[in-house]
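The next block is input.tsv, given as TSV, C-alpha atoms.
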chain	number	residue	atom	x	y	z
G	135	MET	CA	0.00	0.00	0.00
G	136	THR	CA	1.31	3.45	-0.84
G	137	ASP	CA	1.04	6.27	1.70
G	138	GLU	CA	-1.66	7.88	-0.39
G	139	THR	CA	-3.95	4.84	-0.50
G	140	GLU	CA	-3.28	4.23	3.19
G	141	ASP	CA	-4.33	7.80	3.93
G	142	ARG	CA	-7.44	7.33	1.86
G	143	ALA	CA	-8.35	4.09	3.65
G	144	ALA	CA	-7.92	5.80	7.05
G	145	ASP	CA	-9.98	8.75	5.84
G	146	LYS	CA	-12.69	6.43	4.64
G	147	ALA	CA	-12.78	4.53	7.92
G	148	ARG	CA	-13.11	7.85	9.75
G	149	ILE	CA	-16.03	8.99	7.57
G	150	ALA	CA	-17.76	5.61	7.93
G	151	ARG	CA	-17.26	5.78	11.71
G	152	GLN	CA	-18.82	9.26	11.91
G	153	PHE	CA	-21.72	8.12	9.76
G	154	ILE	CA	-22.41	5.01	11.82
G	155	GLU	CA	-22.06	6.72	15.18
G	156	ALA	CA	-24.70	9.28	14.09
G	157	ILE	CA	-27.39	6.65	13.43
G	158	PRO	CA	-30.26	7.25	15.90
G	159	PHE	CA	-31.48	3.64	16.00
G	160	SER	CA	-28.00	2.22	16.65
G	161	LYS	CA	-27.60	4.77	19.45
G	162	ALA	CA	-30.98	3.78	20.92
G	163	LEU	CA	-29.72	0.19	21.17
G	164	ALA	CA	-26.36	1.43	22.57
G	165	MET	CA	-24.32	-0.13	19.75
G	166	SER	CA	-20.65	0.77	19.57
G	167	LEU	CA	-18.23	0.46	16.70
G	168	ASP	CA	-15.20	-1.60	17.78
G	169	GLU	CA	-13.40	-1.97	14.47
G	170	ILE	CA	-13.84	-0.75	10.91
G	171	GLY	CA	-11.92	-0.67	7.66
G	172	ASP	CA	-11.45	-2.29	4.29
G	173	GLY	CA	-14.84	-3.99	4.15
G	174	LEU	CA	-14.75	-5.36	7.70
G	175	ALA	CA	-16.81	-4.06	10.63
G	176	VAL	CA	-17.14	-5.18	14.25
G	177	ILE	CA	-20.00	-3.71	16.30
G	178	SER	CA	-21.07	-4.64	19.81
G	179	MET	CA	-24.37	-4.23	21.65
G	180	PRO	CA	-24.43	-4.45	25.46
G	181	TYR	CA	-27.05	-6.56	27.18
G	182	SER	CA	-30.04	-4.54	28.36
G	183	ASP	CA	-33.41	-5.37	29.91
G	184	ASP	CA	-34.96	-3.25	27.14
G	185	LEU	CA	-33.87	-5.80	24.52
G	186	VAL	CA	-35.35	-8.86	26.21
G	187	GLY	CA	-37.79	-10.96	24.19
G	188	ASP	CA	-38.68	-13.52	26.85
G	189	PRO	CA	-38.54	-12.33	30.48
G	190	SER	CA	-38.84	-15.89	31.82
G	191	THR	CA	-35.37	-16.61	30.42
G	192	GLY	CA	-33.95	-13.07	30.01
G	193	VAL	CA	-32.89	-13.92	26.45
G	194	ILE	CA	-32.58	-10.98	24.02
G	195	HIS	CA	-35.24	-10.74	21.29
G	196	GLY	CA	-34.18	-12.09	17.90
G	197	GLY	CA	-35.15	-8.76	16.37
G	198	ALA	CA	-32.46	-6.96	18.38
G	199	VAL	CA	-29.84	-9.36	17.02
G	200	SER	CA	-31.21	-8.72	13.50
G	201	ALA	CA	-30.84	-4.97	14.09
G	202	LEU	CA	-27.21	-5.46	15.12
G	203	MET	CA	-26.52	-7.65	12.05
G	204	ASP	CA	-28.10	-5.09	9.72
G	205	THR	CA	-26.07	-2.23	11.20
G	206	CYS	CA	-22.84	-4.22	11.07
G	207	GLY	CA	-23.49	-5.36	7.48
G	208	GLY	CA	-24.14	-1.77	6.41
G	209	ALA	CA	-20.96	-0.59	8.18
G	210	ALA	CA	-18.88	-3.24	6.39
G	211	VAL	CA	-20.25	-2.02	3.05
G	212	MET	CA	-19.52	1.64	3.85
G	213	SER	CA	-15.94	0.81	4.79
G	214	HIS	CA	-15.28	-1.07	1.54
G	215	PRO	CA	-12.77	0.77	-0.70
G	216	GLU	CA	-15.13	0.70	-3.70
G	217	ALA	CA	-18.28	1.95	-1.96
G	218	LEU	CA	-19.21	5.36	-0.60
G	219	ALA	CA	-20.57	6.08	2.84
G	220	GLY	CA	-24.32	5.55	2.65
G	221	THR	CA	-26.03	2.29	1.77
G	222	ALA	CA	-29.42	0.61	2.10
G	223	THR	CA	-30.28	-3.01	2.80
G	224	ILE	CA	-31.76	-4.93	-0.14
G	225	ASP	CA	-32.02	-8.29	1.58
G	226	LEU	CA	-30.92	-9.79	4.88
G	227	ARG	CA	-31.20	-13.41	6.01
G	228	ILE	CA	-30.45	-14.40	9.58
G	229	ASP	CA	-30.02	-17.88	11.04
G	230	TYR	CA	-30.35	-18.18	14.80
G	231	MET	CA	-28.22	-21.03	16.06
G	232	ARG	CA	-28.71	-20.64	19.80
G	233	PRO	CA	-30.11	-18.17	22.35
G	234	ALA	CA	-27.62	-15.49	23.46
G	235	THR	CA	-26.60	-15.88	27.10
G	236	PRO	CA	-28.48	-13.31	29.25
G	237	GLY	CA	-26.27	-10.55	30.64
G	238	GLN	CA	-23.61	-10.81	27.95
G	239	THR	CA	-22.68	-8.25	25.28
G	240	ILE	CA	-23.34	-9.38	21.71
G	241	THR	CA	-20.66	-8.65	19.14
G	242	ALA	CA	-21.23	-8.88	15.40
G	243	ARG	CA	-18.49	-9.14	12.80
G	244	ALA	CA	-19.40	-8.47	9.16
G	245	GLN	CA	-17.30	-8.83	6.04
G	246	CYS	CA	-18.24	-7.23	2.75
G	247	TYR	CA	-16.81	-10.00	0.53
G	248	HIS	CA	-17.88	-8.86	-2.91
G	249	VAL	CA	-18.89	-5.59	-4.55
G	250	THR	CA	-20.34	-5.13	-8.02
G	251	ARG	CA	-21.25	-1.86	-9.71
G	252	SER	CA	-24.55	-1.72	-7.80
G	253	VAL	CA	-24.60	-4.41	-5.14
G	254	ALA	CA	-22.46	-5.29	-2.10
G	255	PHE	CA	-22.63	-8.76	-0.53
G	256	ILE	CA	-21.94	-9.37	3.15
G	257	ARG	CA	-21.54	-12.25	5.56
G	258	ALA	CA	-21.80	-11.76	9.31
G	259	GLU	CA	-21.67	-13.67	12.56
G	260	ALA	CA	-22.73	-12.66	16.07
G	261	PHE	CA	-21.21	-13.92	19.32
G	262	ASP	CA	-21.73	-13.51	23.04
G	263	HIS	CA	-18.79	-14.15	25.39
G	264	ASP	CA	-18.37	-17.65	23.96
G	265	MET	CA	-16.36	-16.88	20.84
G	266	ASP	CA	-16.33	-20.51	19.68
G	267	ARG	CA	-20.07	-20.84	19.11
G	268	ALA	CA	-21.85	-18.17	17.09
G	269	VAL	CA	-25.29	-17.04	18.30
G	270	ALA	CA	-26.43	-16.11	14.80
G	271	ALA	CA	-25.18	-15.86	11.23
G	272	ALA	CA	-26.34	-13.58	8.44
G	273	THR	CA	-25.94	-13.00	4.73
G	274	GLY	CA	-27.13	-9.87	3.02
G	275	ALA	CA	-27.15	-7.70	-0.08
G	276	PHE	CA	-26.82	-3.91	0.16
G	277	THR	CA	-26.98	-1.05	-2.34
G	278	VAL	CA	-23.74	0.55	-3.52
G	279	GLU	CA	-23.35	4.29	-3.95
G	280	ARG	CA	-20.35	4.96	-6.14
G	281	ARG	CA	-18.20	8.02	-6.31
G	282	ALA	CA	-18.64	9.99	-9.53
G	283	LYS	CA	-15.97	9.24	-12.15
G	284	SER	CA	-13.23	11.85	-11.86
C	193	MET	CA	-83.68	-27.56	22.43
C	194	ASN	CA	-81.87	-25.57	25.07
C	195	ARG	CA	-78.84	-23.72	23.85
C	196	PRO	CA	-76.83	-21.62	26.26
C	197	PRO	CA	-77.24	-17.93	25.42
C	198	PRO	CA	-74.31	-16.38	23.52
C	199	GLU	CA	-71.75	-14.63	25.67
C	200	PRO	CA	-72.25	-10.86	25.95
C	201	VAL	CA	-70.03	-9.09	23.41
C	202	HIS	CA	-68.16	-7.01	25.96
C	203	ILE	CA	-67.12	-10.14	27.87
C	204	VAL	CA	-65.74	-11.75	24.73
C	205	LYS	CA	-63.89	-8.61	23.67
C	206	GLU	CA	-62.46	-7.99	27.10
C	207	ARG	CA	-61.15	-11.55	27.37
C	208	ARG	CA	-59.42	-11.38	23.98
C	209	ASP	CA	-58.02	-7.89	24.52
C	210	ARG	CA	-56.68	-8.94	27.89
C	211	ALA	CA	-54.96	-11.97	26.35
C	212	LEU	CA	-53.30	-9.80	23.69
C	213	ALA	CA	-52.25	-7.16	26.21
C	214	ALA	CA	-50.70	-9.81	28.47
C	215	LEU	CA	-48.48	-11.04	25.62
C	216	VAL	CA	-47.47	-7.52	24.56
C	217	GLU	CA	-46.76	-6.28	28.07
C	218	ARG	CA	-44.51	-9.15	28.99
C	219	THR	CA	-42.09	-8.46	26.08
C	220	PRO	CA	-39.77	-5.55	26.91
C	221	TYR	CA	-38.38	-5.30	23.35
C	222	ILE	CA	-41.88	-4.60	21.95
C	223	ARG	CA	-42.15	-1.67	24.36
C	224	THR	CA	-38.64	-0.45	23.48
C	225	LEU	CA	-39.58	-0.24	19.80
C	226	GLY	CA	-43.00	1.32	20.49
C	227	ILE	CA	-44.98	-1.41	18.73
C	228	SER	CA	-48.72	-1.78	19.42
C	229	PHE	CA	-51.35	-4.14	18.01
C	230	ASP	CA	-54.82	-3.63	16.56
C	231	ARG	CA	-57.12	-6.64	16.85
C	232	ARG	CA	-60.18	-7.48	14.74
C	233	GLY	CA	-61.38	-10.90	15.89
C	234	ASP	CA	-58.26	-13.03	15.65
C	235	GLU	CA	-56.65	-10.80	13.00
C	236	LEU	CA	-53.73	-8.72	14.25
C	237	THR	CA	-52.15	-5.64	12.71
C	238	ALA	CA	-48.83	-4.61	14.24
C	239	VAL	CA	-48.21	-0.85	14.36
C	240	LEU	CA	-44.71	0.62	14.53
C	241	ASN	CA	-45.46	4.01	16.08
C	242	TYR	CA	-43.02	6.51	14.61
C	243	ASP	CA	-40.26	7.85	16.82
C	244	ASP	CA	-37.06	9.68	15.85
C	245	LYS	CA	-34.97	6.93	17.42
C	246	LEU	CA	-36.11	4.50	14.68
C	247	ILE	CA	-34.18	6.41	12.01
C	248	GLY	CA	-31.23	4.74	10.26
C	249	ASN	CA	-30.33	7.40	7.74
C	250	PRO	CA	-30.83	10.90	9.16
C	251	PHE	CA	-30.05	12.56	5.80
C	252	LEU	CA	-32.94	11.04	3.81
C	253	PRO	CA	-34.46	10.45	6.47
C	254	ALA	CA	-35.37	6.74	6.44
C	255	LEU	CA	-36.23	4.07	9.01
C	256	HIS	CA	-33.33	1.83	10.06
C	257	GLY	CA	-33.22	-1.57	8.31
C	258	GLY	CA	-32.68	-3.16	11.70
C	259	ALA	CA	-35.78	-1.45	13.13
C	260	ILE	CA	-37.77	-2.75	10.16
C	261	ALA	CA	-36.40	-6.29	10.60
C	262	SER	CA	-37.23	-6.17	14.31
C	263	PHE	CA	-40.75	-4.91	13.60
C	264	LEU	CA	-41.46	-7.72	11.13
C	265	GLU	CA	-40.03	-10.37	13.45
C	266	VAL	CA	-42.10	-9.08	16.37
C	267	ALA	CA	-45.22	-9.18	14.14
C	268	ALA	CA	-44.48	-12.78	13.05
C	269	ILE	CA	-43.83	-14.08	16.58
C	270	MET	CA	-46.89	-12.32	17.98
C	271	GLU	CA	-49.08	-13.81	15.23
C	272	LEU	CA	-47.98	-17.31	16.26
C	273	GLY	CA	-48.01	-16.62	20.00
C	274	PHE	CA	-51.42	-14.95	19.97
C	275	HIS	CA	-53.01	-17.89	18.17
C	276	ILE	CA	-51.58	-20.37	20.66
C	277	LEU	CA	-53.02	-18.27	23.49
C	278	TRP	CA	-56.31	-17.69	21.63
C	279	ASP	CA	-56.93	-21.44	21.41
C	280	GLU	CA	-56.22	-21.90	25.10
C	281	ILE	CA	-58.43	-19.02	26.17
C	282	GLU	CA	-61.34	-19.74	23.84
C	283	ASN	CA	-61.32	-23.43	24.79
C	284	GLY	CA	-61.29	-22.47	28.46
C	285	ARG	CA	-57.99	-24.22	29.23
C	286	VAL	CA	-56.57	-20.96	30.55
C	287	SER	CA	-58.63	-18.19	32.12
C	288	ALA	CA	-57.97	-14.66	30.85
C	289	ASP	CA	-58.37	-13.46	34.44
C	290	GLU	CA	-55.44	-15.51	35.58
C	291	LEU	CA	-52.86	-14.65	32.94
C	292	SER	CA	-49.43	-14.39	34.47
C	293	PRO	CA	-45.90	-15.14	33.30
C	294	GLU	CA	-46.48	-18.70	34.59
C	295	THR	CA	-49.74	-19.33	32.71
C	296	LEU	CA	-48.83	-17.56	29.46
C	297	PRO	CA	-47.59	-19.89	26.71
C	298	ARG	CA	-43.89	-19.81	25.82
C	299	MET	CA	-43.28	-17.89	22.61
C	300	PRO	CA	-42.01	-19.56	19.41
C	301	LYS	CA	-38.27	-19.22	18.75
C	302	THR	CA	-36.91	-17.90	15.48
C	303	ILE	CA	-34.95	-20.43	13.41
C	304	ASP	CA	-34.31	-18.12	10.47
C	305	PHE	CA	-35.70	-14.84	9.18
C	306	THR	CA	-35.28	-13.27	5.73
C	307	VAL	CA	-36.20	-9.65	5.14
C	308	ASP	CA	-36.82	-8.23	1.70
C	309	TYR	CA	-36.47	-4.41	1.70
C	310	LEU	CA	-38.64	-3.10	-1.12
C	311	ARG	CA	-38.37	0.68	-0.60
C	312	SER	CA	-37.06	2.94	2.11
C	313	GLY	CA	-39.18	3.36	5.22
C	314	LEU	CA	-40.59	6.87	5.56
C	315	PRO	CA	-40.44	8.70	8.90
C	316	ARG	CA	-44.02	7.86	9.87
C	317	ASP	CA	-46.06	4.95	11.29
C	318	ALA	CA	-45.74	1.53	9.68
C	319	TYR	CA	-48.11	-1.43	9.74
C	320	ALA	CA	-47.55	-5.16	9.38
C	321	ARG	CA	-49.68	-8.26	9.07
C	322	ALA	CA	-48.39	-11.80	9.31
C	323	ARG	CA	-49.81	-14.91	7.66
C	324	VAL	CA	-49.03	-18.37	8.97
C	325	ASN	CA	-48.44	-20.49	5.89
C	326	ARG	CA	-47.80	-23.67	7.80
C	327	SER	CA	-47.96	-24.46	11.47
C	328	GLY	CA	-47.04	-27.95	12.56
C	329	ARG	CA	-46.38	-29.45	15.96
C	330	ARG	CA	-42.72	-28.36	15.89
C	331	TYR	CA	-42.17	-25.91	13.05
C	332	ALA	CA	-44.05	-22.96	11.60
C	333	SER	CA	-43.50	-20.90	8.45
C	334	VAL	CA	-44.72	-17.30	8.53
C	335	HIS	CA	-44.85	-14.54	5.93
C	336	VAL	CA	-45.11	-10.87	6.96
C	337	GLU	CA	-46.02	-7.83	4.87
C	338	ALA	CA	-45.39	-4.24	5.94
C	339	TRP	CA	-46.68	-0.99	4.50
C	340	GLN	CA	-47.05	2.66	5.40
C	341	ASP	CA	-49.49	4.91	3.53
C	342	ASN	CA	-50.82	2.44	1.01
C	343	ARG	CA	-51.68	-1.18	1.79
C	344	GLN	CA	-50.91	-2.19	-1.80
C	345	ARG	CA	-47.43	-0.64	-1.75
C	346	LEU	CA	-45.36	-2.80	0.60
C	347	PHE	CA	-42.10	-1.30	1.84
C	348	ALA	CA	-40.83	-4.58	3.30
C	349	GLN	CA	-41.77	-8.22	3.54
C	350	ALA	CA	-40.25	-11.19	5.31
C	351	THR	CA	-40.43	-14.95	5.65
C	352	GLY	CA	-39.33	-16.82	8.73
C	353	HIS	CA	-39.29	-20.25	10.27
C	354	PHE	CA	-40.03	-20.77	13.94
C	355	LEU	CA	-39.66	-23.53	16.48
C	356	MET	CA	-42.98	-23.98	18.26
C	357	PRO	CA	-42.98	-24.15	22.06
C	358	THR	CA	-43.70	-27.46	23.75
C	359	ARG	CA	-46.58	-27.12	26.18
C	360	GLY	CA	-46.13	-28.95	29.47
Represent the structure contained in this file as structure tokens.
Amino acid sequence: MTDETEDRAADKARIARQFIEAIPFSKALAMSLDEIGDGLAVISMPYSDDLVGDPSTGVIHGGAVSALMDTCGGAAVMSHPEALAGTATIDLRIDYMRPATPGQTITARAQCYHVTRSVAFIRAEAFDHDMDRAVAAATGAFTVERRAKS
Amino acid sequence: MNRPPPEPVHIVKERRDRALAALVERTPYIRTLGISFDRRGDELTAVLNYDDKLIGNPFLPALHGGAIASFLEVAAIMELGFHILWDEIENGRVSADELSPETLPRMPKTIDFTVDYLRSGLPRDAYARARVNRSGRRYASVHVEAWQDNRQRLFAQATGHFLMPTRG
């Protein structure tokens, strides 16, 4: 990597970070951006009573995990070198492998693994404190905003 | 022939409304998102009451994809859960007066959920209705449609599979 492309990647990560941290819904769910750059994003969401789907077990609602996956997928797209900040979900599929352990932060890791002229494809996994067994996995397609040809 | 007189309408309505309210009130995430439910007989319409915190793109502005996914998943699970409870209440197995966390049925668990985003969500109320396409002893398949101003113009739809609770 030359200094110039390195600078541009850092710049891009900074813009994506600002964009993501300004999202009202992500803030409402107290999501925080742990890592971003080059098509990879890691976002965590602390456990909260407000997110519970079943009070008899204290397990977080599946919808809250979906929200985290969607945010993380979008962040991965925005940090990809060929996409601009700003994207919209076209499709998102989530598989729930096991209930998240009550009380534990959930961390999602999304990779934007392919970008075409108009579409970005992502894969994501979400974990609680047990990093060996994913809580959920997702695949998605997002829109791509491209920079104007210069 | 002696038939018992039909139940007074207000008794029937109150029983069903109480059953629905018990399910809604016990789920904190439904409250967090500001989702309410309209009931006509056993038909439910989920309402995502607009709030600024539901926004995902402040520049457009548009609803967050994650808020939309959550809304559709809540609508799907409630459709299944309400019908389980409906059967128990209408058959008299559970009394609507005695609904508590112990007597309420366990909710179905999501196996997978696929959301199809058709257009961006406008900053206003959204509505969703779920249809159970198959409900077996263990698995159920549910389709959900969501719209805003115009029922014919969906802004999102979803299909999900759910593991049905075992009733002890």
Show me the residues around (-56.7, -13.3, 13.1) - criterion: an atom at most 10 Å away, all atoms listed in the file counted - as a PyMOL selection string. chain C and resi 231-237+271+274-275+278+321-323
Using only C-alpha atoms: which of C:Leu246, C:Ala332, C:Ile260, C:Ile203 has the shortest distance to chain G: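 Of all the options, C:Leu246 lies closest to chain G.
By only C-alpha atoms, and with residues fewer than 5 positions from segment 296-302 of chain C along its chain excluded, the set lying at most 8 Å from it is Asp188, Gly196 and Tyr230 of chain G; Leu215, Ile269, Leu272, Gly273, Ile276, Leu277, Leu291, Gly352, His353, Phe354, Leu355, Met356, Pro357, Thr358 and Arg359 of chain C.
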What are the nearest atom pairs, with distances in Å to one decimal, for all residues of chain G that come at most 6 Å from chain C, using all atoms listed in the file, set out by chain and rising residue number as a Markdown table?
| residue | atom | partner | partner_atom | distance |
| --- | --- | --- | --- | --- |
| G:Ile157 | CA | C:Gly248 | CA | 5.3 |
| G:Pro158 | CA | C:Lys245 | CA | 5.0 |
| G:Phe159 | CA | C:Leu246 | CA | 4.9 |
| G:Asp184 | CA | C:Pro220 | CA | 5.3 |
| G:Leu185 | CA | C:Tyr221 | CA | 4.7 |
| G:Val186 | CA | C:Tyr221 | CA | 5.5 |
| G:Gly187 | CA | C:Thr219 | CA | 5.3 |
| G:Gly197 | CA | C:Ser262 | CA | 3.9 |
| G:Ala201 | CA | C:Gly258 | CA | 3.5 |
| G:Asp204 | CA | C:Gly258 | CA | 5.3 |
| G:Ile224 | CA | C:Tyr309 | CA | 5.1 |
| G:Asp225 | CA | C:Asp308 | CA | 4.8 |
| G:Leu226 | CA | C:Val307 | CA | 5.3 |
| G:Arg227 | CA | C:Thr306 | CA | 4.1 |
| G:Ile228 | CA | C:Phe305 | CA | 5.3 |
| G:Asp229 | CA | C:Asp304 | CA | 4.3 |
| G:Tyr230 | CA | C:Ile303 | CA | 5.3 |
Just write the chosen residues, C-alpha atoms, as a PDB file, in the coordinates of the input.
ATOM      1  CA  ILE G 157     -27.390   6.650  13.430  1.00  0.00           C
ATOM      2  CA  PRO G 158     -30.260   7.250  15.900  1.00  0.00           C
ATOM      3  CA  PHE G 159     -31.480   3.640  16.000  1.00  0.00           C
ATOM      4  CA  ASP G 184     -34.960  -3.250  27.140  1.00  0.00           C
ATOM      5  CA  LEU G 185     -33.870  -5.800  24.520  1.00  0.00           C
ATOM      6  CA  VAL G 186     -35.350  -8.860  26.210  1.00  0.00           C
ATOM      7  CA  GLY G 187     -37.790 -10.960  24.190  1.00  0.00           C
ATOM      8  CA  GLY G 197     -35.150  -8.760  16.370  1.00  0.00           C
ATOM      9  CA  ALA G 201     -30.840  -4.970  14.090  1.00  0.00           C
ATOM     10  CA  ASP G 204     -28.100  -5.090   9.720  1.00  0.00           C
ATOM     11  CA  ILE G 224     -31.760  -4.930  -0.140  1.00  0.00           C
ATOM     12  CA  ASP G 225     -32.020  -8.290   1.580  1.00  0.00           C
ATOM     13  CA  LEU G 226     -30.920  -9.790   4.880  1.00  0.00           C
ATOM     14  CA  ARG G 227     -31.200 -13.410   6.010  1.00  0.00           C
ATOM     15  CA  ILE G 228     -30.450 -14.400   9.580  1.00  0.00           C
ATOM     16  CA  ASP G 229     -30.020 -17.880  11.040  1.00  0.00           C
ATOM     17  CA  TYR G 230     -30.350 -18.180  14.800  1.00  0.00           C
TER      18      TYR G 230
END
Grab the atom CA of Ala275 of chain G to atom CA of Ile154 of chain G distance for me, in Å with one decimal place.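 Interatomic distance, atom CA of Ala275 of chain G to atom CA of Ile154 of chain G: 18.0 Å.
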Skip Ile177 of chain G itself and residues of its chain fewer than 3 positions away, then list as a ChimeraX atom specification all residues within 7 Å of it, counting all atoms listed in the file. /G:165-168,206,241-243
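Pairwise distance (atom CA of Thr221 of chain G, atom CA of Asp341 of chain C) equals 23.7 Å.
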Just checking: using all atoms listed in the file, which residue out of C:Ala238, C:Leu314, C:Val216, C:Leu346 ends up closest to Pro189 of chain G?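 Between C:Ala238, C:Leu314, C:Val216, C:Leu346, the residue approaching Pro189 of chain G most closely is C:Val216.
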What does the distance between atom CA of Met212 of chain G and atom CA of Glu337 of chain C come to in Å, to one decimal place?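 Interatomic distance, atom CA of Met212 of chain G to atom CA of Glu337 of chain C: 28.2 Å.
Across C:Ser287, C:Thr295, C:Ser333, C:Asn194, the tightest approach to Glu206 of chain C is made by C:Ser287 when counting only C-alpha atoms.
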For Met203 of chain G, please output as a ChimeraX atom specification all residues within 8 Å (counting only C-alpha atoms; exclusion window: fewer than 5 positions along the same chain). /G:242,244,258-260,272 /C:258
Can you report as JSON the centre and edge lengths in Å, to one decimal, of an axis-aligned box around the listed atoms of segment 263-275 of chain G padded with 6 Å on each side?
{"center_x": -21.7, "center_y": -14.3, "center_z": 12.7, "size_x": 22.8, "size_y": 25.1, "size_z": 37.5}
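Each of G:Arg232, G:Ser182, G:Gln245, G:Ser200 was compared to Ile170 of chain G using only C-alpha atoms, and G:Gln245 turns out to be the nearest.
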Taking 5 positions as the minimum chain separation for residues in the same chain, which residues sit within 10 Å of Phe261 of chain G when counting only C-alpha atoms? Answer as a list in words.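 The filter keeps Ser178, Ala234, Thr235, Gln238, Thr239, Ile240, Thr241, Ala242, Arg243, Asp266, Arg267, Ala268, Val269, Ala270 and Ala271 of chain G.
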Hey, what's within 8 Å of Phe276 of chain G if we count only C-alpha atoms and toss same-chain stuff fewer than 3 positions away? As a ChimeraX atom specification, please? /G:208,211,221-225,253-256
